[in-house]
Amino acid sequence: MVKCAYLLSYKASLKFCQPNCLNFLHSACSQTVNTLRRYTDSRPAIILGIETSCDDTGCGIVDTTGKILGEAINSQHVTHLKHGGIIPTIASEIHRQHITTVCENALRSADLRLRDVDAVATTTMPGLLNSLNVGNTFGKYLSRVGNKPYIPIHHMEAHALTVRMTEKVNFPYLVLLISGGHSLLAIVDSVDKFYTLGTTLDNALGEVLDKIARRLKLINIPEFSHMSGGQAIENAATKATDPKKFEFSSYLTRKRDCQFSFGAIWSTALEYITNQEKELQIDASKIIPDAYNLCASLQWCIARHICLRTQRAMQFIDEMNLIPQEKRTLVISGGVACNNFFARALEIVCSEKGFQFVRTPPRLCNDNGVMIAWNGVERWIANAGVIRDRNEIETVTIEKKMPLGENWIEKVRDANIKCKLVKLNVLSTY
């Protein structure tokens, strides 16, 4: 039944999850020994993290000093690129096929075994239900066979906290999370206390970038064929000859809140593409001649939009005196935070508004097991959300949608903050 020295097979785990199968009995003596070990052992605690919220199967192993001991990931990027987007059923099946190997590889890279791990942390919300289910099932299985505490993780909390593994960022701070599934601004007050200032009214930024790139057929250009939609647009924009050729309206400028909206930007871009295709009689396989200029104009519009909402969040913090002046920091994270153009624009806003700008290392911005393990570390140290009771662990469920902390959107709106965007003209074009 043992597949290798590191983990039992996932196939076996599915058996263990069914009723009337083999039960693992843990004696009171064993529990006492493990408890004493946790509190008397001088070595740092070690947390194994599992991430399967969308299309990447990730496992990371991190200790309480912030050291990455091991990691492994199986990317489904190429598979979904061929399908023109993420197919949930395909994503979950690939997770099932690879999760055991990914976790074994992470342990092997760390030269550890499951018995060396102090707790298992797993993404349980939000995300694609079938994908989350694979991770939660396997994570609880490891917790059970290894007699380890279990730490359910909120995916966006993990993104918000990852930067603290590599940078000295103290609570509280402002975070901008922009990815394929989320766009939001929040105050991070502690490991388990968040206040959402704004989120998206329609589509997430990463989703819009991917769809526009697909409609532009950037995948047909060899140098962009291996890139995600957001990466392709950023790189295409650097080749623009007239970055401001296409006009995009300023969106939600009269709404004095921190809400995002990218649906209208998406619609405007599609209209430009369709019009050029009709005017120039471009067939389905060819690319409009102004693709690079459109990508650049699109990025300018998006940069202004996210900067304005972020600036209002800063002014809200200032007016409410929520963060001491000398500690004010903006952290950006999530897949779209890898975009250097957006990062430079936000850095300008930070400079003008007296905030320190900190970007999560790009390699940790995309979904990965390390960020889940680190969130587990933060919770382990704070003793927040660490489940040790076996019966309680078995009742942990997954959630497709879950807000980030307390909703302060109306508080921002009630503050009625008038906001004039700082000048981004000094931003080097590309």
# chains A, B, ... in the order shown; residues from 1 in each chain; ligands from 1
>>> closest_atom_pairs(of="range 117-210 of chain A", to="range 374-392 of chain A", cutoff="7 Å", atoms="only C-alpha atoms", output="CSV")
residue,atom,partner,partner_atom,distance
A:Ala121,CA,A:Gly376,CA,5.4
A:Pro149,CA,A:Arg388,CA,4.6
A:Tyr150,CA,A:Ile387,CA,5.2
A:Ile151,CA,A:Val386,CA,5.0
A:Ala158,CA,A:Asn375,CA,5.3
A:Leu161,CA,A:Asn375,CA,6.6
A:Thr162,CA,A:Trp374,CA,6.6
A:Met165,CA,A:Trp374,CA,7.0
A:Val191,CA,A:Glu378,CA,6.5
>>> select_by_dssp(residues="range 168-256 of chain A", states="strand (DSSP E)", output="VMD selection string")
chain A and resid 173 to 178 183 to 190 193 to 199
>>> select_by_dssp(residues="range 246-391 of chain A", states="alpha helix (DSSP H)", output="PyMOL selection string")
chain A and resi 263-279+291-320+340-353+362-365+369-382+390-391
>>> residues_around(residues="range 106-116 of chain A", least_positions_apart="2", cutoff="9 Å", atoms="only C-alpha atoms", output="JSON list (two decimals) with C-alpha atoms, in the first residue's frame")
[["chain", "number", "residue", "atom", "x", "y", "z"],
["A", 5, "ALA", "CA", 8.93, 6.31, 1.70],
["A", 6, "TYR", "CA", 7.37, 9.76, 1.66],
["A", 7, "LEU", "CA", 3.62, 9.34, 1.26],
["A", 46, "ILE", "CA", 7.64, 22.84, 9.83],
["A", 48, "LEU", "CA", 3.48, 21.55, 4.63],
["A", 58, "GLY", "CA", 1.41, 23.10, -5.59],
["A", 59, "CYS", "CA", 3.09, 21.88, -2.44],
["A", 60, "GLY", "CA", 5.46, 23.91, -0.30],
["A", 61, "ILE", "CA", 7.29, 23.20, 2.93],
["A", 68, "ILE", "CA", 11.59, 27.45, 2.21],
["A", 69, "LEU", "CA", 12.67, 23.85, 2.80],
["A", 70, "GLY", "CA", 11.12, 22.31, -0.28],
["A", 71, "GLU", "CA", 8.56, 22.91, -2.98],
["A", 72, "ALA", "CA", 7.07, 21.37, -6.10],
["A", 73, "ILE", "CA", 4.39, 22.34, -8.59],
["A", 101, "THR", "CA", 3.69, 13.07, -6.84],
["A", 102, "VAL", "CA", 3.84, 16.82, -6.22],
["A", 103, "CYS", "CA", 3.75, 16.36, -2.44],
["A", 104, "GLU", "CA", 6.30, 13.55, -2.59],
["A", 118, "ASP", "CA", 4.34, 19.58, 12.32],
["A", 142, "LEU", "CA", -2.09, 13.41, 5.27],
["A", 146, "GLY", "CA", 0.49, 11.42, 10.02],
["A", 147, "ASN", "CA", -1.51, 12.47, 13.10],
["A", 148, "LYS", "CA", -0.86, 16.12, 12.26]]
>>> residues_around(residues="Leu330 in chain A", least_positions_apart="2", cutoff="8 Å", atoms="only C-alpha atoms", output="PyMOL selection string")
chain A and resi 173-176+328+332+350+355-358
>>> atom_distance(atom1="CA of Ala237 in chain A", atom2="CA of Glu207 in chain A")
17.8 Å
>>> residues_around(residues="Arg359 in chain A", least_positions_apart="5", cutoff="9 Å", atoms="only C-alpha atoms", output="MDAnalysis selection string")
chainID A and resid 163 330:333 337:338 343 365
>>> write_last_selection(atoms="C-alpha atoms", output="PDB file, in the first residue's frame")
ATOM      1  CA  VAL A 163       5.285  39.042   1.414  1.00  0.00           C
ATOM      2  CA  LEU A 330       1.181  49.106   0.164  1.00  0.00           C
ATOM      3  CA  VAL A 331       1.755  45.454  -0.684  1.00  0.00           C
ATOM      4  CA  ILE A 332       0.743  44.099  -4.086  1.00  0.00           C
ATOM      5  CA  SER A 333       0.315  40.410  -4.741  1.00  0.00           C
ATOM      6  CA  ALA A 337       1.197  41.866  -9.622  1.00  0.00           C
ATOM      7  CA  CYS A 338       3.936  40.378 -11.833  1.00  0.00           C
ATOM      8  CA  ALA A 343       3.911  47.994 -10.472  1.00  0.00           C
ATOM      9  CA  CYS A 365       2.756  35.990  -6.840  1.00  0.00           C
TER      10      CYS A 365
END
>>> residues_around(residues="Gly139 in chain A", least_positions_apart="3", cutoff="9 Å", atoms="only C-alpha atoms", output="list in words")
Gly49, Ile50, Val120, Ala121, Thr122, Val134, Gly135, Asn136, Leu142, Ser143, Arg144 and Tyr150 of chain A
>>> write_last_selection(atoms="C-alpha atoms", output="mmCIF file, in the first residue's frame")
data_model
loop_
_atom_site.group_PDB
_atom_site.id
_atom_site.type_symbol
_atom_site.label_atom_id
_atom_site.label_comp_id
_atom_site.auth_asym_id
_atom_site.auth_seq_id
_atom_site.Cartn_x
_atom_site.Cartn_y
_atom_site.Cartn_z
ATOM 1 C CA GLY A 49 1.122 23.548 2.393
ATOM 2 C CA ILE A 50 -1.105 22.301 -0.431
ATOM 3 C CA VAL A 120 -0.624 20.331 7.141
ATOM 4 C CA ALA A 121 -2.131 23.512 5.663
ATOM 5 C CA THR A 122 -4.471 23.369 2.665
ATOM 6 C CA VAL A 134 -8.926 17.346 -4.340
ATOM 7 C CA GLY A 135 -6.595 19.376 -2.131
ATOM 8 C CA ASN A 136 -8.820 19.277 0.945
ATOM 9 C CA LEU A 142 -2.087 13.412 5.265
ATOM 10 C CA SER A 143 -3.230 14.969 8.523
ATOM 11 C CA ARG A 144 -4.955 11.746 9.495
ATOM 12 C CA TYR A 150 -4.771 20.668 10.078
#
